[in-house]
Amino acid sequence: MATVGFAICFWAWALLSPLAVTLREELGLSSLQQSLVVATPVLVGSLGRIPVGALTDRLGARVMFPVVAALTIIPVLFLGFFGDNLTALLLGGFFLGIGGTSFAVGVPFVNAWHSPAQRGAALGLFGMGTGGTAVAAFTTLQLSNAFGRPAPFVLVAMLLGIYAVVSWRVLRPAPGRGTGARGGNWLTNAMRTLATPVALKLAVLYAIAFGGFVAFSVYLPTYLVNNFGMEKGAASLRMAGFVVVSVLARPVGGWLCDRFVKTLVLASLLVVTGLFALLAALVGAGTTVIVGDSTIPVALEPVGTVAFLGMAAGLGAGAGAVFALVAALVEPSRVGAVTGVVGAAGGLGGFVPPLLMGVIYDAYGSYTIGLLALAVVAVIGGLYTGVGFRKEFRATTG
């Protein structure tokens with residue numbers, strides 16, 4: 001139930017991305033404005049995870065999942081019927097971010113239902129709810145073209161309403177967990193968590209792993225259309241493929257962390273991601289390779305496809321590995337608050353790159369610098385992971 005709710009909320013959260021190129025053409029948006037429309041829900045959904053995670057520790061998922069799903073219906077319907085100008089898109093996108101906070105509800109709920117030896121894989125499976133982004137990519141343009149612009153928004157609003165009712169009736173706290181209520185002010189708990197070193201370290205790594213996934217899952221159609229002249233429908237399908245690979249890889253990252261040294265797993269995944277990002281940058285820059293007497297371009301097919309799918313797998317598995325570390329280093333009663341902080345950082349990591357890519361493209365007509373930046377950041381994050389958690393693991397092992 002948690003995974004289904006997460007997927008539906010993420011489907012809502014990602015509704016604007018497949019329409020980004022169409023909206024740019026219809027409304028005459030600049031690259032930066034187009035990026036801002038796509039990135040605004042990401043920003044709000046990210047920052048909103050901090051209070052939502054703390055509230056989940058206090059009130060429990062049985063309250064918070066229906067509330068988040070029900071509140072998300074309002075911006076979904078607003079965008080479906082009134083999102084015909086930049087102001088309306090930004091306003092609706094702001095409140096659409098509520099759907100992205102569902103992550104901070106599901107992680108503490110799923111974490112409490114599983115033993116420590118199973119939490120990495122369990123949280124990875126829950127993380128497959130990010131596949132809602134792929135559903136949005138596969139269906140939004142098709143439904144919009146077939147039945148009119150409001151169609152995908154109306155469908156998602158109906159599913160959110162159904163889930164809000166069903167989750168209220170079905171969800172229960174884990175045995176021994178009680179109702180989820182805790183003492184203290186949720187804002188105080190959230191601020192205290194922000195000052196926790198382990199939360200900040202995990203937040204940085206999740207900003208790289210999940211932030212990279214969010215950034216490219218929402219911006220990949222724009223990149224493929226602008227950089228390679230790909231048709232919009234084909235670009236949306238490529239985005240969906242990127243998301244599917246990342247979603248399938250996420251439980252693999254958690255599963256690997258249940259069986260091997262967690263920090264080594266995450267470090268390896270981030271470094272590999274950085275190498276694939278470097279390869280993608282070479283493709284985007286139109287790099288050529290001399291073979292004998294021939295000059296061969298490093299083309300989108302198949303090299304670019306391999307690069308982006310490799311990035312997708314590394315980022316997805318890396319995100320799963322980060323939350324295996326959360327489960328290992330954070331006591332269950334504080335997982336919601338820590339998830340809020342870490343999840344917020346991940347979303348913010350996805351907010352900045354689309355804007356940066358838009359600025360870079362407007363200035364240079366190329367995305368190469370942005371991809372090179374991801375490569376450098378991912379490798380540095382991997383190297384830091386190998387040495388940054390020794391104190392925390394010594395404390396947990398006594």
# chains A, B, ... in the order shown; residues from 1 in each chain; ligands from 1
call {"tool": "select_by_dssp", "arguments": {"residues": "region 98-307 of chain A", "states": "strand (DSSP E)", "output": "count of residues only"}}
result
8
call {"tool": "closest_atom_pairs", "arguments": {"of": "region 238-295 of chain A", "to": "region 326-344 of chain A", "cutoff": "10 Å", "atoms": "only C-alpha atoms", "output": "JSON lines"}}
result
{"residue": "A:Cys257", "atom": "CA", "partner": "A:Ala328", "partner_atom": "CA", "distance": 9.8}
{"residue": "A:Asp258", "atom": "CA", "partner": "A:Ala328", "partner_atom": "CA", "distance": 9.6}
{"residue": "A:Lys262", "atom": "CA", "partner": "A:Ala328", "partner_atom": "CA", "distance": 9.1}
call {"tool": "write_last_selection", "arguments": {"atoms": "N, CA, C and O atoms", "output": "PDB file, in the first residue's frame"}}
result
ATOM      1  N   CYS A 257      23.447  -3.699  -0.099  1.00  0.00           N
ATOM      2  CA  CYS A 257      23.874  -3.168   1.199  1.00  0.00           C
ATOM      3  C   CYS A 257      23.518  -4.098   2.346  1.00  0.00           C
ATOM      4  O   CYS A 257      24.187  -4.081   3.390  1.00  0.00           O
ATOM      5  N   ASP A 258      22.466  -4.905   2.192  1.00  0.00           N
ATOM      6  CA  ASP A 258      22.125  -5.894   3.220  1.00  0.00           C
ATOM      7  C   ASP A 258      23.155  -7.010   3.287  1.00  0.00           C
ATOM      8  O   ASP A 258      23.245  -7.710   4.298  1.00  0.00           O
ATOM      9  N   LYS A 262      28.154  -1.571   3.420  1.00  0.00           N
ATOM     10  CA  LYS A 262      27.234  -0.567   2.866  1.00  0.00           C
ATOM     11  C   LYS A 262      27.969   0.610   2.241  1.00  0.00           C
ATOM     12  O   LYS A 262      27.613   1.084   1.156  1.00  0.00           O
TER      13      LYS A 262
END
call {"tool": "closest_residue", "arguments": {"among": "A:Ala207, A:Val265, A:Ile74, A:Leu141", "to": "Ser236 (chain A)", "atoms": "only C-alpha atoms"}}
result
A:Leu141
call {"tool": "closest_residue", "arguments": {"among": "A:Ile380, A:Ala2, A:Met64, A:Val76", "to": "Asn111 (chain A)", "atoms": "only C-alpha atoms"}}
result
A:Ala2
call {"tool": "residues_around", "arguments": {"residues": "region 87-95 of chain A", "least_positions_apart": "6", "cutoff": "7 Å", "atoms": "only C-alpha atoms", "output": "list of chain:residue names"}}
result
A:Val37, A:Thr40, A:Pro41, A:Val44, A:Pro75, A:Phe78, A:Leu79
call {"tool": "closest_residue", "arguments": {"among": "A:Phe351, A:Phe323, A:Phe81, A:Trp11", "to": "Leu205 (chain A)", "atoms": "only C-alpha atoms"}}
result
A:Phe323
call {"tool": "atom_distance", "arguments": {"atom1": "CA of Pro18 (chain A)", "atom2": "CA of Val166 (chain A)"}}
result
28.5 Å
call {"tool": "closest_residue", "arguments": {"among": "A:Gly83, A:Gly320, A:Gly120, A:Gly100", "to": "Trp13 (chain A)", "atoms": "only C-alpha atoms"}}
result
A:Gly100
call {"tool": "closest_residue", "arguments": {"among": "A:Val283, A:Leu59, A:Ala313, A:Ala70", "to": "Leu160 (chain A)", "atoms": "only C-alpha atoms"}}
result
A:Ala70
call {"tool": "select_by_dssp", "arguments": {"residues": "region 61-284 of chain A", "states": "helix (DSSP H, G or I)", "output": "MDAnalysis selection string"}}
result
chainID A and resid 61:82 86:112 119:147 151:170 186:194 197:228 232:259 262:284
call {"tool": "residues_around", "arguments": {"residues": "Ile369 (chain A)", "least_positions_apart": "6", "cutoff": "12 Å", "atoms": "only C-alpha atoms", "output": "PDB file with N, CA and C atoms, in the first residue's frame"}}
result
ATOM      1  N   ALA A 277      28.372   9.402 -16.571  1.00  0.00           N
ATOM      2  CA  ALA A 277      28.056  10.812 -16.852  1.00  0.00           C
ATOM      3  C   ALA A 277      29.120  11.436 -17.743  1.00  0.00           C
ATOM      4  N   LEU A 278      30.380  11.076 -17.520  1.00  0.00           N
ATOM      5  CA  LEU A 278      31.464  11.561 -18.376  1.00  0.00           C
ATOM      6  C   LEU A 278      31.263  11.074 -19.809  1.00  0.00           C
ATOM      7  N   ALA A 280      28.388  10.321 -21.197  1.00  0.00           N
ATOM      8  CA  ALA A 280      27.253  11.067 -21.742  1.00  0.00           C
ATOM      9  C   ALA A 280      27.675  12.464 -22.171  1.00  0.00           C
ATOM     10  N   ALA A 281      28.584  13.077 -21.422  1.00  0.00           N
ATOM     11  CA  ALA A 281      29.072  14.408 -21.788  1.00  0.00           C
ATOM     12  C   ALA A 281      29.819  14.362 -23.118  1.00  0.00           C
ATOM     13  N   LEU A 282      30.606  13.320 -23.337  1.00  0.00           N
ATOM     14  CA  LEU A 282      31.331  13.178 -24.603  1.00  0.00           C
ATOM     15  C   LEU A 282      30.368  13.011 -25.771  1.00  0.00           C
ATOM     16  N   GLY A 284      27.200  14.166 -25.887  1.00  0.00           N
ATOM     17  CA  GLY A 284      26.518  15.437 -26.083  1.00  0.00           C
ATOM     18  C   GLY A 284      27.392  16.488 -26.731  1.00  0.00           C
ATOM     19  N   ALA A 285      28.690  16.376 -26.521  1.00  0.00           N
ATOM     20  CA  ALA A 285      29.616  17.357 -27.095  1.00  0.00           C
ATOM     21  C   ALA A 285      29.972  17.044 -28.542  1.00  0.00           C
ATOM     22  N   PRO A 353      19.883  21.179 -10.913  1.00  0.00           N
ATOM     23  CA  PRO A 353      20.431  20.860 -12.237  1.00  0.00           C
ATOM     24  C   PRO A 353      19.559  21.267 -13.423  1.00  0.00           C
ATOM     25  N   LEU A 356      20.156  24.872 -13.918  1.00  0.00           N
ATOM     26  CA  LEU A 356      21.527  25.069 -14.374  1.00  0.00           C
ATOM     27  C   LEU A 356      21.679  24.667 -15.832  1.00  0.00           C
ATOM     28  N   MET A 357      21.050  23.542 -16.204  1.00  0.00           N
ATOM     29  CA  MET A 357      21.139  23.089 -17.592  1.00  0.00           C
ATOM     30  C   MET A 357      20.479  24.097 -18.534  1.00  0.00           C
ATOM     31  N   GLY A 358      19.352  24.675 -18.098  1.00  0.00           N
ATOM     32  CA  GLY A 358      18.689  25.687 -18.917  1.00  0.00           C
ATOM     33  C   GLY A 358      19.557  26.914 -19.120  1.00  0.00           C
ATOM     34  N   VAL A 359      20.205  27.371 -18.055  1.00  0.00           N
ATOM     35  CA  VAL A 359      21.090  28.537 -18.149  1.00  0.00           C
ATOM     36  C   VAL A 359      22.278  28.229 -19.053  1.00  0.00           C
ATOM     37  N   ILE A 360      22.876  27.036 -18.871  1.00  0.00           N
ATOM     38  CA  ILE A 360      24.036  26.648 -19.688  1.00  0.00           C
ATOM     39  C   ILE A 360      23.651  26.580 -21.164  1.00  0.00           C
ATOM     40  N   TYR A 361      22.483  25.997 -21.449  1.00  0.00           N
ATOM     41  CA  TYR A 361      22.072  25.868 -22.847  1.00  0.00           C
ATOM     42  C   TYR A 361      21.801  27.237 -23.473  1.00  0.00           C
ATOM     43  N   ALA A 363      23.221  29.971 -22.662  1.00  0.00           N
ATOM     44  CA  ALA A 363      24.485  30.697 -22.795  1.00  0.00           C
ATOM     45  C   ALA A 363      25.410  30.097 -23.851  1.00  0.00           C
ATOM     46  N   ALA A 375      29.472  14.359 -13.335  1.00  0.00           N
ATOM     47  CA  ALA A 375      30.529  13.355 -13.263  1.00  0.00           C
ATOM     48  C   ALA A 375      31.486  13.649 -12.110  1.00  0.00           C
ATOM     49  N   VAL A 376      31.902  14.899 -11.994  1.00  0.00           N
ATOM     50  CA  VAL A 376      32.852  15.274 -10.937  1.00  0.00           C
ATOM     51  C   VAL A 376      32.229  15.106  -9.560  1.00  0.00           C
TER      52      VAL A 376
END
call {"tool": "residues_around", "arguments": {"residues": "Gly381 (chain A)", "least_positions_apart": "3", "cutoff": "7 Å", "atoms": "only C-alpha atoms", "output": "PDB file with N, CA and C atoms, in the first residue's frame"}}
result
ATOM      1  N   LEU A 205      24.795  12.876   0.173  1.00  0.00           N
ATOM      2  CA  LEU A 205      24.896  11.739  -0.747  1.00  0.00           C
ATOM      3  C   LEU A 205      23.580  11.496  -1.479  1.00  0.00           C
ATOM      4  N   LEU A 270      28.440   5.338  -6.883  1.00  0.00           N
ATOM      5  CA  LEU A 270      28.586   6.746  -7.236  1.00  0.00           C
ATOM      6  C   LEU A 270      29.737   6.960  -8.220  1.00  0.00           C
ATOM      7  N   VAL A 377      30.999  15.599  -9.400  1.00  0.00           N
ATOM      8  CA  VAL A 377      30.325  15.537  -8.104  1.00  0.00           C
ATOM      9  C   VAL A 377      30.089  14.086  -7.676  1.00  0.00           C
ATOM     10  N   ALA A 378      29.683  13.229  -8.607  1.00  0.00           N
ATOM     11  CA  ALA A 378      29.415  11.835  -8.269  1.00  0.00           C
ATOM     12  C   ALA A 378      30.685  11.125  -7.814  1.00  0.00           C
ATOM     13  N   TYR A 384      34.108  10.277  -0.848  1.00  0.00           N
ATOM     14  CA  TYR A 384      33.759  10.694   0.521  1.00  0.00           C
ATOM     15  C   TYR A 384      33.045   9.577   1.272  1.00  0.00           C
ATOM     16  N   THR A 385      32.169   8.838   0.562  1.00  0.00           N
ATOM     17  CA  THR A 385      31.413   7.768   1.209  1.00  0.00           C
ATOM     18  C   THR A 385      32.336   6.741   1.847  1.00  0.00           C
TER      19      THR A 385
END
call {"tool": "atom_distance", "arguments": {"atom1": "CA of Gly229 (chain A)", "atom2": "CA of Val21 (chain A)"}}
result
11.8 Å
